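What follows is a short report on a single structure.
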Amino acid sequence: TNIFAGTSLGNIFLSTNNGVSWSEMNNNILFSHSVSSFAINSPYIFAGTEGGGVYMSSNSGASWSASNNGITEKFVWSLCSSGSNIFAGTWGGGVFLSLNNGVNWVDVNDGLMNFDVRTLTINGSDIYAGTWGSGVWKRPVSDFAGINEIGITKNGLLIYPNPTGGFITVEYNFPHEKFIRLQITGIHGNVLISEQLEPCFTKKTVDISALPAGQYFYSVYTTGKIPLRGKITVIR
């Protein structure tokens, strides 16, 4: 059984014999921040740091890389996992969720009144967040079930992150098109957002933060062609 320990000097140690001996495991990178927490979704190991965000290892701690895309506050006090869901509790940013082993993160703070989250744990069907000054908050883990599309790639189109907390990035490659439009609609087909995409660009950030949490549909229209369609999820 592997046991990991983090120190206030930014070191990570591994014991493979229940603490009889320890080996330093972050020789490849200089952690300049305290290591405060760990979570595991085998074979991935996540380390939360105080100021450096989250680091991830896929080789039992032999090497580490930063994993912070979408995390807005880099003081990560706590980490926990539920299956493929990885949660990070931060100082000032609340709780973030990754569904793709740290490639992307989105905040999931709907109903949370204090964003200084010091501890996270999962017991039964609920996740609990311990805050600095506002007690403990809980939310059903089932709130995050079925959200599994982190990026959508279709015929030269990539939309991410998905789920999103408020902004999406649209990457596209339609070099011969003069007209490109993105529309986001509700479940009844009502158009909620309509954005013109410039043909001379290949990436655009779209603000959808005004949309309530829920499921939506996107369509990307080009001249004389069947639109590309898909589903996108907004979570809070």
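Every chain in the structure tokens takes a letter, A first, then B, and so on in the order presented; its residues are numbered from 1, and the ligands are numbered from 1 following the presented order.
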May I have the residues within 12 Å of Phe115 in chain A as an mmCIF file with N, CA and C atoms, in the first residue's frame, using only C-alpha atoms and disregarding those fewer than 6 positions away in the same chain?
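Saved file part05.cif follows:
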```
data_model
loop_
_atom_site.group_PDB
_atom_site.id
_atom_site.type_symbol
_atom_site.label_atom_id
_atom_site.label_comp_id
_atom_site.auth_asym_id
_atom_site.auth_seq_id
_atom_site.Cartn_x
_atom_site.Cartn_y
_atom_site.Cartn_z
ATOM 1 N N THR A 72 -9.552 29.079 -10.429
ATOM 2 C CA THR A 72 -9.270 30.516 -10.356
ATOM 3 C C THR A 72 -8.542 30.908 -9.083
ATOM 4 N N GLU A 73 -8.590 30.088 -8.048
ATOM 5 C CA GLU A 73 -7.892 30.358 -6.794
ATOM 6 C C GLU A 73 -6.937 29.204 -6.517
ATOM 7 N N PHE A 75 -4.983 28.511 -3.906
ATOM 8 C CA PHE A 75 -4.824 27.951 -2.573
ATOM 9 C C PHE A 75 -5.799 26.782 -2.426
ATOM 10 N N VAL A 76 -5.307 25.583 -2.648
ATOM 11 C CA VAL A 76 -6.144 24.384 -2.623
ATOM 12 C C VAL A 76 -5.909 23.687 -1.286
ATOM 13 N N TRP A 77 -6.866 23.858 -0.378
ATOM 14 C CA TRP A 77 -6.736 23.299 0.963
ATOM 15 C C TRP A 77 -7.067 21.818 1.004
ATOM 16 N N ALA A 88 -11.956 19.841 -5.537
ATOM 17 C CA ALA A 88 -10.917 20.643 -4.899
ATOM 18 C C ALA A 88 -11.574 21.770 -4.115
ATOM 19 N N GLY A 89 -11.215 21.880 -2.835
ATOM 20 C CA GLY A 89 -11.699 22.972 -1.998
ATOM 21 C C GLY A 89 -10.640 24.052 -1.892
ATOM 22 N N THR A 90 -11.002 25.303 -2.149
ATOM 23 C CA THR A 90 -10.019 26.381 -2.242
ATOM 24 C C THR A 90 -10.332 27.511 -1.267
ATOM 25 N N TRP A 91 -9.346 28.352 -1.076
ATOM 26 C CA TRP A 91 -9.486 29.566 -0.277
ATOM 27 C C TRP A 91 -9.954 30.689 -1.191
ATOM 28 N N GLY A 92 -11.225 31.039 -1.095
ATOM 29 C CA GLY A 92 -11.778 32.138 -1.853
ATOM 30 C C GLY A 92 -12.479 31.758 -3.140
ATOM 31 N N GLY A 93 -12.257 30.543 -3.631
ATOM 32 C CA GLY A 93 -12.880 30.132 -4.886
ATOM 33 C C GLY A 93 -13.935 29.061 -4.724
ATOM 34 N N GLY A 94 -14.121 28.574 -3.498
ATOM 35 C CA GLY A 94 -15.110 27.542 -3.279
ATOM 36 C C GLY A 94 -14.629 26.178 -3.741
ATOM 37 N N VAL A 95 -15.559 25.414 -4.302
ATOM 38 C CA VAL A 95 -15.292 24.034 -4.704
ATOM 39 C C VAL A 95 -15.235 23.946 -6.227
ATOM 40 N N PHE A 96 -14.219 23.236 -6.714
ATOM 41 C CA PHE A 96 -14.073 22.983 -8.141
ATOM 42 C C PHE A 96 -14.169 21.484 -8.392
ATOM 43 N N ASP A 107 -16.165 25.448 -11.380
ATOM 44 C CA ASP A 107 -16.646 25.648 -10.022
ATOM 45 C C ASP A 107 -18.063 25.102 -9.881
ATOM 46 N N VAL A 108 -18.350 24.542 -8.725
ATOM 47 C CA VAL A 108 -19.660 23.939 -8.431
ATOM 48 C C VAL A 108 -20.130 24.486 -7.086
ATOM 49 N N ASN A 109 -20.396 25.789 -7.058
ATOM 50 C CA ASN A 109 -20.661 26.498 -5.813
ATOM 51 C C ASN A 109 -22.121 26.869 -5.599
ATOM 52 N N ALA A 129 -18.542 20.015 2.746
ATOM 53 C CA ALA A 129 -17.515 21.050 2.657
ATOM 54 C C ALA A 129 -17.445 21.792 3.984
ATOM 55 N N GLY A 130 -16.285 21.731 4.634
ATOM 56 C CA GLY A 130 -16.067 22.474 5.867
ATOM 57 C C GLY A 130 -15.477 23.836 5.546
ATOM 58 N N THR A 131 -16.132 24.914 5.974
ATOM 59 C CA THR A 131 -15.708 26.268 5.629
ATOM 60 C C THR A 131 -15.072 26.959 6.827
ATOM 61 N N TRP A 132 -14.372 28.054 6.540
ATOM 62 C CA TRP A 132 -13.759 28.866 7.583
ATOM 63 C C TRP A 132 -14.772 29.908 8.038
ATOM 64 N N GLY A 133 -15.497 29.597 9.106
ATOM 65 C CA GLY A 133 -16.405 30.567 9.704
ATOM 66 C C GLY A 133 -17.871 30.362 9.426
ATOM 67 N N SER A 134 -18.224 29.453 8.516
ATOM 68 C CA SER A 134 -19.641 29.256 8.192
ATOM 69 C C SER A 134 -20.077 27.812 8.326
ATOM 70 N N GLY A 135 -19.328 27.035 9.064
ATOM 71 C CA GLY A 135 -19.754 25.667 9.320
ATOM 72 C C GLY A 135 -19.593 24.744 8.130
ATOM 73 N N VAL A 136 -20.406 23.692 8.140
ATOM 74 C CA VAL A 136 -20.328 22.618 7.152
ATOM 75 C C VAL A 136 -21.510 22.703 6.208
ATOM 76 N N TRP A 137 -21.240 22.507 4.925
ATOM 77 C CA TRP A 137 -22.268 22.494 3.887
ATOM 78 C C TRP A 137 -22.206 21.154 3.177
#
```
Quiz item: Contacts of Thr185 in chain A at 6 Å or less, counting only C-alpha atoms, minus same-chain residues fewer than 4 places along, as an MDAnalysis selection string?
Solution: chainID A and resid 189:192 216:217
Quiz prompt | Between CA of Trp64 in chain A and CA of Lys203 in chain A - distance in Å to one decimal | solution =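 These two atoms are separated by 29.1 Å.
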Quiz item: Where does DSSP see strand (DSSP E) in range 18-174 of chain A, if you list the residues as a ChimeraX atom specification?
Solution: /A:23-24,35-41,44-49,53-57,65-66,76-82,85-90,94-98,106-107,117-123,126-131,136-140,152-154,157-160,167-172
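Residues within 9 Å of Ser34 in chain A, counting only C-alpha atoms and excluding same-chain residues fewer than 2 positions away, are Gly6, Thr7, Ser8, Leu9, Gly10, Asn11, Phe31, Ser32, Ser36, Gly48, Thr49, Glu50, Gly51 and Gly52 of chain A.
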Practice problem: Would you mind writing down, as an NGL selection string, each residue of range 22-197 of chain A that DSSP on the backbone assigns to helix (DSSP H, G or I)? | Solution: :A and (141-144)
Self-check item: Counting only C-alpha atoms, the option among A:Phe4, A:Phe13, A:Tyr160, A:Trp22 closest to Val234 in chain A
Solution: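 That would be A:Tyr160, the residue with the smallest distance to Val234 in chain A.
Pairwise distance (CA of Lys231 in chain A, CA of Thr169 in chain A) equals 14.4 Å.
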Exercise. Quick one: everything within 12 Å of Asn101 in chain A, counting only C-alpha atoms, minus sequence neighbours fewer than 5 positions away in the same chain. Send it as JSON, numbers by chain.
Key: {"A": [39, 40, 41, 42, 43, 44, 45, 46, 54, 55, 56, 57, 58, 66, 67, 68, 69, 81, 82, 83, 84, 85, 86, 87, 88, 148, 150]}
Give me a file of those residues, with N, CA, C and O atoms, as an mmCIF file, in the first residue's frame.
```cif
data_model
loop_
_atom_site.group_PDB
_atom_site.id
_atom_site.type_symbol
_atom_site.label_atom_id
_atom_site.label_comp_id
_atom_site.auth_asym_id
_atom_site.auth_seq_id
_atom_site.Cartn_x
_atom_site.Cartn_y
_atom_site.Cartn_z
ATOM 1 N N ALA A 39 -5.560 13.392 -3.307
ATOM 2 C CA ALA A 39 -6.700 12.567 -3.728
ATOM 3 C C ALA A 39 -6.206 11.613 -4.799
ATOM 4 O O ALA A 39 -5.253 11.909 -5.524
ATOM 5 N N ILE A 40 -6.848 10.469 -4.899
ATOM 6 C CA ILE A 40 -6.419 9.445 -5.843
ATOM 7 C C ILE A 40 -7.610 8.962 -6.662
ATOM 8 O O ILE A 40 -8.674 8.667 -6.122
ATOM 9 N N ASN A 41 -7.419 8.923 -7.970
ATOM 10 C CA ASN A 41 -8.304 8.227 -8.894
ATOM 11 C C ASN A 41 -7.385 7.379 -9.756
ATOM 12 O O ASN A 41 -6.907 7.819 -10.789
ATOM 13 N N SER A 42 -7.062 6.193 -9.262
ATOM 14 C CA SER A 42 -6.010 5.358 -9.828
ATOM 15 C C SER A 42 -6.112 5.247 -11.355
ATOM 16 O O SER A 42 -7.225 5.041 -11.888
ATOM 17 N N PRO A 43 -4.984 5.461 -12.065
ATOM 18 C CA PRO A 43 -3.609 5.591 -11.572
ATOM 19 C C PRO A 43 -3.184 7.036 -11.292
ATOM 20 O O PRO A 43 -2.000 7.296 -11.108
ATOM 21 N N TYR A 44 -4.138 7.969 -11.241
ATOM 22 C CA TYR A 44 -3.795 9.381 -11.089
ATOM 23 C C TYR A 44 -3.788 9.774 -9.615
ATOM 24 O O TYR A 44 -4.672 9.401 -8.846
ATOM 25 N N ILE A 45 -2.770 10.558 -9.229
ATOM 26 C CA ILE A 45 -2.644 11.093 -7.884
ATOM 27 C C ILE A 45 -2.640 12.609 -7.985
ATOM 28 O O ILE A 45 -1.935 13.184 -8.822
ATOM 29 N N PHE A 46 -3.432 13.264 -7.141
ATOM 30 C CA PHE A 46 -3.546 14.717 -7.159
ATOM 31 C C PHE A 46 -3.031 15.278 -5.839
ATOM 32 O O PHE A 46 -3.335 14.737 -4.768
ATOM 33 N N VAL A 54 -3.250 22.695 -8.100
ATOM 34 C CA VAL A 54 -3.245 21.234 -8.085
ATOM 35 C C VAL A 54 -2.135 20.714 -8.996
ATOM 36 O O VAL A 54 -1.926 21.230 -10.098
ATOM 37 N N TYR A 55 -1.439 19.684 -8.513
ATOM 38 C CA TYR A 55 -0.478 18.953 -9.338
ATOM 39 C C TYR A 55 -0.964 17.517 -9.474
ATOM 40 O O TYR A 55 -1.604 16.978 -8.575
ATOM 41 N N MET A 56 -0.632 16.917 -10.621
ATOM 42 C CA MET A 56 -1.099 15.561 -10.902
ATOM 43 C C MET A 56 0.082 14.681 -11.288
ATOM 44 O O MET A 56 1.005 15.115 -11.972
ATOM 45 N N SER A 57 0.042 13.440 -10.835
ATOM 46 C CA SER A 57 1.019 12.428 -11.233
ATOM 47 C C SER A 57 0.277 11.203 -11.743
ATOM 48 O O SER A 57 -0.732 10.802 -11.171
ATOM 49 N N SER A 58 0.791 10.623 -12.816
ATOM 50 C CA SER A 58 0.195 9.395 -13.362
ATOM 51 C C SER A 58 1.137 8.208 -13.232
ATOM 52 O O SER A 58 0.878 7.149 -13.801
ATOM 53 N N ALA A 66 1.525 20.552 -13.286
ATOM 54 C CA ALA A 66 0.430 21.410 -12.842
ATOM 55 C C ALA A 66 -0.853 21.051 -13.565
ATOM 56 O O ALA A 66 -0.847 20.713 -14.747
ATOM 57 N N SER A 67 -1.968 21.140 -12.851
ATOM 58 C CA SER A 67 -3.274 20.749 -13.394
ATOM 59 C C SER A 67 -4.313 21.754 -12.909
ATOM 60 O O SER A 67 -5.110 21.454 -12.019
ATOM 61 N N ASN A 68 -4.312 22.950 -13.502
ATOM 62 C CA ASN A 68 -5.104 24.059 -12.956
ATOM 63 C C ASN A 68 -6.028 24.744 -13.957
ATOM 64 O O ASN A 68 -6.523 25.826 -13.665
ATOM 65 N N ASN A 69 -6.263 24.143 -15.108
ATOM 66 C CA ASN A 69 -7.098 24.804 -16.107
ATOM 67 C C ASN A 69 -8.532 24.947 -15.588
ATOM 68 O O ASN A 69 -9.246 23.969 -15.435
ATOM 69 N N SER A 81 -12.175 12.527 -3.841
ATOM 70 C CA SER A 81 -12.616 11.912 -5.093
ATOM 71 C C SER A 81 -13.817 11.021 -4.846
ATOM 72 O O SER A 81 -13.991 10.452 -3.769
ATOM 73 N N SER A 82 -14.649 10.925 -5.876
ATOM 74 C CA SER A 82 -15.787 10.017 -5.884
ATOM 75 C C SER A 82 -15.856 9.383 -7.260
ATOM 76 O O SER A 82 -16.321 10.007 -8.217
ATOM 77 N N GLY A 83 -15.319 8.185 -7.374
ATOM 78 C CA GLY A 83 -15.211 7.587 -8.689
ATOM 79 C C GLY A 83 -14.291 8.426 -9.557
ATOM 80 O O GLY A 83 -13.162 8.733 -9.181
ATOM 81 N N SER A 84 -14.788 8.842 -10.705
ATOM 82 C CA SER A 84 -13.993 9.663 -11.609
ATOM 83 C C SER A 84 -14.114 11.154 -11.315
ATOM 84 O O SER A 84 -13.485 11.968 -11.987
ATOM 85 N N ASN A 85 -14.930 11.531 -10.333
ATOM 86 C CA ASN A 85 -15.081 12.941 -9.962
ATOM 87 C C ASN A 85 -13.994 13.337 -8.972
ATOM 88 O O ASN A 85 -13.847 12.719 -7.924
ATOM 89 N N ILE A 86 -13.243 14.397 -9.282
ATOM 90 C CA ILE A 86 -12.233 14.933 -8.376
ATOM 91 C C ILE A 86 -12.694 16.318 -7.937
ATOM 92 O O ILE A 86 -12.983 17.179 -8.774
ATOM 93 N N PHE A 87 -12.766 16.545 -6.630
ATOM 94 C CA PHE A 87 -13.197 17.821 -6.068
ATOM 95 C C PHE A 87 -12.014 18.507 -5.398
ATOM 96 O O PHE A 87 -11.188 17.852 -4.754
ATOM 97 N N ALA A 88 -11.956 19.841 -5.537
ATOM 98 C CA ALA A 88 -10.917 20.643 -4.899
ATOM 99 C C ALA A 88 -11.574 21.770 -4.115
ATOM 100 O O ALA A 88 -12.382 22.526 -4.660
ATOM 101 N N ASN A 148 -20.614 14.166 -18.244
ATOM 102 C CA ASN A 148 -19.379 13.489 -18.599
ATOM 103 C C ASN A 148 -18.767 13.959 -19.902
ATOM 104 O O ASN A 148 -17.856 13.340 -20.421
ATOM 105 N N ILE A 150 -16.500 16.575 -21.334
ATOM 106 C CA ILE A 150 -15.605 17.658 -20.961
ATOM 107 C C ILE A 150 -15.268 18.512 -22.176
ATOM 108 O O ILE A 150 -15.126 19.713 -22.105
#
```
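Using only C-alpha atoms, the smallest distance between any of A:Pro199, A:Gly214, A:Gly53, A:Gly124 and Asn173 in chain A comes from A:Pro199.
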Self-check item: Residues near Thr222 in chain A, cut-off 10 Å, only C-alpha atoms, skip fewer than 2 positions along chain, as a list in words
Solution: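 That gives Phe174, His176, Glu177, Lys178, Phe179, Ile180, Arg181, Leu182, Leu197, Ser219, Val220, Gly224, Lys225, Ile226, Pro227 and Leu228 of chain A.
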Self-check item: Contacts of Ser37 in chain A at 6 Å (only C-alpha atoms; same-chain gap of 3+ positions) as an MDAnalysis selection string
Solution: chainID A and resid 47:48 78:79
Quiz prompt | Shell around Thr1 in chain A at 9 Å using only C-alpha atoms, local window under 5 positions removed, as a list in words | solution =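 In the requested form, the answer reads Ser15, Thr16, Asn17 and Asn18 of chain A.
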With all heavy atoms retained, write the just-selected residues as a PDB file, in the first residue's frame.
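Result written to again.pdb:
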```pdb
ATOM      1  N   SER A  15       5.754   6.311   1.164  1.00  0.00           N
ATOM      2  CA  SER A  15       6.119   5.104   1.895  1.00  0.00           C
ATOM      3  C   SER A  15       5.384   3.918   1.296  1.00  0.00           C
ATOM      4  O   SER A  15       4.174   3.985   1.061  1.00  0.00           O
ATOM      5  CB  SER A  15       5.764   5.234   3.379  1.00  0.00           C
ATOM      6  OG  SER A  15       6.043   4.003   4.055  1.00  0.00           O
ATOM      7  N   THR A  16       6.119   2.863   1.031  1.00  0.00           N
ATOM      8  CA  THR A  16       5.508   1.640   0.501  1.00  0.00           C
ATOM      9  C   THR A  16       5.470   0.534   1.547  1.00  0.00           C
ATOM     10  O   THR A  16       5.130  -0.600   1.231  1.00  0.00           O
ATOM     11  CB  THR A  16       6.280   1.149  -0.736  1.00  0.00           C
ATOM     12  OG1 THR A  16       7.656   0.905  -0.365  1.00  0.00           O
ATOM     13  CG2 THR A  16       6.234   2.186  -1.856  1.00  0.00           C
ATOM     14  N   ASN A  17       5.858   0.879   2.795  1.00  0.00           N
ATOM     15  CA  ASN A  17       5.891  -0.144   3.857  1.00  0.00           C
ATOM     16  C   ASN A  17       5.243   0.371   5.137  1.00  0.00           C
ATOM     17  O   ASN A  17       5.772   0.192   6.236  1.00  0.00           O
ATOM     18  CB  ASN A  17       7.325  -0.599   4.111  1.00  0.00           C
ATOM     19  CG  ASN A  17       8.268   0.569   4.402  1.00  0.00           C
ATOM     20  OD1 ASN A  17       7.816   1.707   4.611  1.00  0.00           O
ATOM     21  ND2 ASN A  17       9.564   0.302   4.414  1.00  0.00           N
ATOM     22  N   ASN A  18       4.099   1.042   4.958  1.00  0.00           N
ATOM     23  CA  ASN A  18       3.302   1.523   6.101  1.00  0.00           C
ATOM     24  C   ASN A  18       4.079   2.463   7.024  1.00  0.00           C
ATOM     25  O   ASN A  18       3.939   2.416   8.250  1.00  0.00           O
ATOM     26  CB  ASN A  18       2.739   0.352   6.899  1.00  0.00           C
ATOM     27  CG  ASN A  18       1.679  -0.423   6.133  1.00  0.00           C
ATOM     28  OD1 ASN A  18       0.790   0.172   5.533  1.00  0.00           O
ATOM     29  ND2 ASN A  18       1.787  -1.741   6.131  1.00  0.00           N
TER      30      ASN A  18
END
```
Quiz item: What does the distance between CA of Ile208 in chain A and CA of Ile193 in chain A come to in Å, to one decimal place?
Solution: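 If I compute the distance from CA of Ile208 in chain A to CA of Ile193 in chain A, I get 7.6 Å.
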